[in-house]
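Visitor: Sending over start27.cif (mmCIF, C-alpha atoms).
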```cif
data_target
#
loop_
_atom_site.label_atom_id
_atom_site.label_comp_id
_atom_site.auth_asym_id
_atom_site.auth_seq_id
_atom_site.Cartn_x
_atom_site.Cartn_y
_atom_site.Cartn_z
CA MET A 1435 191.16 16.15 82.79
CA THR A 1436 193.48 19.07 82.09
CA THR A 1437 194.98 21.28 84.78
CA GLY A 1438 192.73 24.16 83.76
CA LYS A 1439 189.59 22.09 84.23
CA LYS A 1440 190.90 20.85 87.58
CA PHE A 1441 191.40 24.45 88.67
CA LEU A 1442 187.81 25.28 87.74
CA PHE A 1443 186.63 22.73 90.30
CA ALA A 1444 188.63 24.52 93.02
CA ILE A 1445 186.94 27.88 92.39
CA PRO A 1446 183.65 27.21 94.28
CA TRP A 1447 185.16 26.27 97.62
CA ILE A 1448 187.96 28.87 97.40
CA LEU A 1449 185.36 31.56 96.68
CA GLN A 1450 183.18 30.31 99.52
CA LEU A 1451 186.08 30.49 101.98
CA PHE A 1452 186.89 34.04 100.85
CA LEU A 1453 183.25 35.15 101.20
CA ILE A 1454 182.88 33.58 104.63
CA ILE A 1455 186.00 35.41 105.83
CA LEU A 1456 184.63 38.65 104.35
CA ILE A 1457 181.29 38.17 106.13
CA GLU A 1458 183.09 37.55 109.43
CA TYR A 1459 185.18 40.68 108.91
CA LEU A 1460 182.11 42.82 108.21
CA LEU A 1461 180.31 41.32 111.16
CA LEU A 1462 183.07 41.60 113.75
CA ASN A 1463 184.33 44.97 112.53
CA ASN A 1464 181.06 46.70 113.51
CA ILE A 1465 180.13 44.96 116.74
CA ASP A 1466 181.57 45.90 120.14
CA ASP A 1467 181.00 42.50 121.71
CA PRO A 1468 180.76 39.43 119.40
CA ARG A 1469 178.45 37.73 121.90
CA LYS A 1470 175.79 40.38 121.33
CA LEU A 1471 174.65 39.68 117.79
CA ASP A 1472 171.43 41.61 118.35
CA GLN A 1473 173.52 44.78 117.88
CA ILE A 1474 173.46 44.11 114.14
CA PHE A 1475 169.78 44.98 113.84
CA ASN A 1476 169.70 47.65 116.57
CA GLY A 1477 171.59 50.19 114.48
CA ALA A 1478 175.14 49.46 115.67
CA MET A 1479 176.06 48.25 112.20
CA PRO A 1480 175.90 50.79 109.37
CA ARG A 1481 173.26 50.03 106.76
CA GLU A 1482 175.85 49.84 103.95
CA ASP A 1483 177.88 47.20 105.80
CA LEU A 1484 174.72 45.22 106.55
CA GLN A 1485 173.81 45.32 102.84
CA ARG A 1486 177.33 44.19 101.87
CA MET A 1487 177.17 41.36 104.38
CA LEU A 1488 173.79 40.17 103.11
CA LEU A 1489 174.99 40.40 99.50
CA CYS A 1490 178.07 38.29 100.37
CA LEU A 1491 175.79 35.79 102.13
CA PHE A 1492 173.54 35.56 99.05
CA VAL A 1493 176.53 35.09 96.70
CA THR A 1494 177.94 32.43 99.05
CA ILE A 1495 174.66 30.50 98.92
CA VAL A 1496 174.51 30.69 95.11
CA VAL A 1497 178.16 29.58 94.77
CA ASP A 1498 177.50 26.72 97.19
CA ILE A 1499 174.53 25.46 95.18
CA VAL A 1500 176.39 25.72 91.87
CA GLY A 1501 179.44 23.99 93.41
CA ARG A 1502 177.35 21.14 94.79
CA ILE A 1503 175.73 20.57 91.41
CA ALA A 1504 179.09 20.65 89.58
CA TYR A 1505 180.71 18.23 92.03
CA VAL A 1506 177.76 15.80 91.96
CA ILE A 1507 177.89 15.78 88.15
CA ASN A 1508 181.64 15.12 88.31
CA ALA A 1509 181.08 12.31 90.81
CA MET A 1510 178.49 10.71 88.50
CA HIS A 1511 180.92 10.69 85.56
CA ASN A 1512 184.24 10.12 87.38
CA ALA A 1513 185.84 6.90 86.13
CA ALA A 1514 187.94 6.51 89.28
CA LEU A 1515 184.84 5.76 91.37
CA THR A 1516 183.13 2.40 91.66
CA GLN A 1517 179.33 2.33 91.73
CA HIS A 1518 179.24 2.02 95.54
CA ASN A 1519 181.77 4.83 96.01
CA ARG A 1520 179.91 6.97 93.49
CA THR A 1521 176.68 6.71 95.47
CA THR A 1522 178.48 7.43 98.73
CA TRP A 1523 180.27 10.47 97.30
CA ILE A 1524 177.08 11.88 95.80
CA ILE A 1525 175.43 11.73 99.23
CA VAL A 1526 178.52 13.22 100.92
CA LEU A 1527 178.76 16.06 98.39
CA ALA A 1528 175.05 16.83 98.62
CA LEU A 1529 175.03 16.91 102.42
CA LEU A 1530 178.42 18.33 103.42
CA GLY A 1531 178.80 21.06 100.82
CA MET A 1532 182.13 22.86 100.95
CA VAL A 1533 183.86 20.34 103.24
CA GLY A 1534 182.86 17.45 100.97
CA GLN A 1535 183.99 19.43 97.93
CA ILE A 1536 187.45 20.04 99.39
CA ILE A 1537 187.91 16.37 100.29
CA PHE A 1538 186.62 15.18 96.88
CA PHE A 1539 188.84 17.70 95.06
CA PHE A 1540 192.05 16.52 96.71
CA LYS A 1541 191.11 12.84 96.62
CA TYR A 1542 189.72 12.41 93.09
CA ILE A 1543 190.08 15.55 90.98
CA ARG A 1544 193.55 16.91 91.70
CA LYS A 1545 195.57 13.74 91.67
CA THR A 1546 196.06 11.72 88.52
CA SER A 1547 195.60 8.03 89.11
CA ALA A 1548 198.48 5.62 88.54
CA ALA A 1549 196.42 3.80 85.91
CA ASP A 1550 196.09 6.99 83.85
CA LYS A 1551 199.85 7.54 84.03
CA ALA A 1552 200.54 3.93 82.99
CA ILE A 1553 198.17 4.24 80.03
CA ALA A 1554 199.88 7.49 78.95
CA VAL A 1555 203.35 5.91 79.17
CA GLU A 1556 202.21 2.87 77.17
CA LYS A 1557 200.70 5.13 74.51
CA GLN A 1558 203.97 7.06 74.23
CA ARG A 1559 205.89 3.79 73.80
CA ARG A 1560 203.55 2.63 71.03
CA ASP A 1561 203.77 6.00 69.28
CA PHE A 1562 207.57 5.90 69.48
CA TRP A 1563 207.88 2.41 67.99
CA GLU A 1564 205.21 3.00 65.32
CA THR A 1565 207.06 5.99 63.84
#
```
The structure given in the file should be rewritten as structure tokens.
Guide:
Amino acid sequence: MTTGKKFLFAIPWILQLFLIILIEYLLLNNIDDPRKLDQIFNGAMPREDLQRMLLCLFVTIVVDIVGRIAYVINAMHNAALTQHNRTTWIIVLALLGMVGQIIFFFKYIRKTSAADKAIAVEKQRRDFWET
């Protein structure tokens, strides 16, 4: 998998983190006391900010669903996983969402396995001696 494709798998959870921080900012910026969340619907929060917050929440949910589907598909086709690990990771990705995606990304997508590196080195050696 190329670096560009690896980066595409990081987009869902990076975008989710950004949107969650934005929702928290909109929420806490308009409330006097964070323990009184009923102030949101009692008019303390401007309607525009409430609409922005709900839009960010909707986009976060859509990105989460798309990310889960993409990661489950990657787990089904990832050659680095055995059948038992594949089943476990599909369950983890389906249930944990963003946390499972971050762990899976750094464990299986970002790093190149030693076997892949060895195969690439052997191919370079064969190409060198065949020319």
Visitor: Mind pulling up the distance from atom CA of Ile1455 of chain A to atom CA of Val1506 of chain A?
Guide: 25.4 Å
Visitor: Between A:Ile1537, A:Ile1543, A:Val1526, A:Ile1457, single out the one closest to Leu1489 of chain A, counting all atoms listed in the file.
Guide: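 Among the listed residues, A:Ile1457 lies closest to Leu1489 of chain A.
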Visitor: Would you please work out which residue, of A:Gln1517, A:Asn1508, A:Asn1476, A:Gln1535, is nearest to Leu1451 of chain A when using all atoms listed in the file?
Guide: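 With all atoms listed in the file as the atom set, the closest residue is A:Gln1535.
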Visitor: With a distance cut-off of 9 Å and only C-alpha atoms, select the neighbouring residues of segment 1512-1514 of chain A, excluding the residue or stretch itself and same-chain residues fewer than 5 positions from it, and output the selection as a PyMOL selection string.
Guide: chain A and resi 1507+1520+1542-1543+1547
Visitor: Would you export the selected residues with C-alpha atoms as an mmCIF file, in the frame of the given file, please?
Guide:
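Okay, this is what ended up in out28.cif:
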```
data_model
loop_
_atom_site.group_PDB
_atom_site.id
_atom_site.type_symbol
_atom_site.label_atom_id
_atom_site.label_comp_id
_atom_site.auth_asym_id
_atom_site.auth_seq_id
_atom_site.Cartn_x
_atom_site.Cartn_y
_atom_site.Cartn_z
ATOM 1 C CA ILE A 1507 177.890 15.780 88.150
ATOM 2 C CA ARG A 1520 179.910 6.970 93.490
ATOM 3 C CA TYR A 1542 189.720 12.410 93.090
ATOM 4 C CA ILE A 1543 190.080 15.550 90.980
ATOM 5 C CA SER A 1547 195.600 8.030 89.110
#
```
Visitor: Would you list the contacts of Ile1454 of chain A as a PyMOL selection string, taking every protein, DNA or RNA residue within 8 Å and counting only C-alpha atoms, but skipping same-chain residues closer than 2 positions in sequence?
Guide: chain A and resi 1450-1452+1456-1458+1490-1491+1494
Visitor: Compile the contact shell of Leu1484 of chain A as an mmCIF file with C-alpha atoms, in the frame of the given file: residues with an atom at most 8 Å away, counting only C-alpha atoms, same-chain residues fewer than 4 positions apart removed.
Guide:
```
data_model
loop_
_atom_site.group_PDB
_atom_site.id
_atom_site.type_symbol
_atom_site.label_atom_id
_atom_site.label_comp_id
_atom_site.auth_asym_id
_atom_site.auth_seq_id
_atom_site.Cartn_x
_atom_site.Cartn_y
_atom_site.Cartn_z
ATOM 1 C CA LEU A 1460 182.110 42.820 108.210
ATOM 2 C CA ILE A 1474 173.460 44.110 114.140
ATOM 3 C CA MET A 1479 176.060 48.250 112.200
ATOM 4 C CA PRO A 1480 175.900 50.790 109.370
ATOM 5 C CA LEU A 1488 173.790 40.170 103.110
#
```
Visitor: Please provide as a PyMOL selection string all residues within 12 Å of Phe1540 of chain A, with the sequence filter that same-chain residues fewer than 3 positions apart are discarded (counting only C-alpha atoms).
Guide: chain A and resi 1440-1441+1443-1444+1447+1533-1537+1543-1547
Visitor: Take the residues that were just selected and, keeping C-alpha atoms, output them as a tab-separated table (two decimals), in the frame of the given file.
Guide:
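Now in part16.tsv:
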```tsv
chain	number	residue	atom	x	y	z
A	1440	LYS	CA	190.90	20.85	87.58
A	1441	PHE	CA	191.40	24.45	88.67
A	1443	PHE	CA	186.63	22.73	90.30
A	1444	ALA	CA	188.63	24.52	93.02
A	1447	TRP	CA	185.16	26.27	97.62
A	1533	VAL	CA	183.86	20.34	103.24
A	1534	GLY	CA	182.86	17.45	100.97
A	1535	GLN	CA	183.99	19.43	97.93
A	1536	ILE	CA	187.45	20.04	99.39
A	1537	ILE	CA	187.91	16.37	100.29
A	1543	ILE	CA	190.08	15.55	90.98
A	1544	ARG	CA	193.55	16.91	91.70
A	1545	LYS	CA	195.57	13.74	91.67
A	1546	THR	CA	196.06	11.72	88.52
A	1547	SER	CA	195.60	8.03	89.11
```
Visitor: Mind giving me the straight-line distance from atom CA of Leu1529 of chain A to atom CA of Val1497 of chain A in Å, one decimal?
Guide: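 Between atom CA of Leu1529 of chain A and atom CA of Val1497 of chain A the gap works out to 15.1 Å.
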Visitor: Using all atoms listed in the file, which of A:Ala1509, A:Met1487, A:Ile1448, A:Ala1504 sits nearest Trp1523 of chain A?
Guide: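 Of all the options, A:Ala1509 lies closest to Trp1523 of chain A.
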Visitor: For a quick check of understanding, using only C-alpha atoms, which of A:Val1496, A:Asn1519, A:Tyr1505, A:Pro1446 has the smallest distance to Phe1538 of chain A?
Guide: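 The answer is A:Tyr1505, which sits nearest to Phe1538 of chain A.
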Visitor: Please provide the set of residues having any atom within 7 Å of Arg1502 of chain A, restricted to all atoms listed in the file, with same-chain residues fewer than 3 positions apart removed, written as a ChimeraX atom specification.
Guide: /A:1498-1499,1505-1506,1527-1528,1531
Visitor: Can I get the selected residues back with C-alpha atoms, as a compact mmCIF listing (two decimals), in the coordinates of the input?
Guide:
```
# COMPACT_ATOMS: atom_id res chain seq x y z
CA ASP A 1498 177.50 26.72 97.19
CA ILE A 1499 174.53 25.46 95.18
CA TYR A 1505 180.71 18.23 92.03
CA VAL A 1506 177.76 15.80 91.96
CA LEU A 1527 178.76 16.06 98.39
CA ALA A 1528 175.05 16.83 98.62
CA GLY A 1531 178.80 21.06 100.82
```
Visitor: Rounded to one decimal place, report the atom CA of Phe1539 of chain A-atom CA of Leu1453 of chain A distance in Å.
Guide: 19.3 Å
Visitor: Taking all atoms listed in the file into account, name the residue in A:Leu1449, A:Met1510, A:Leu1461, A:Ile1495 that is nearest to Ile1524 of chain A.
Guide: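 Answer, going by the shortest atom-to-atom distance: A:Met1510.
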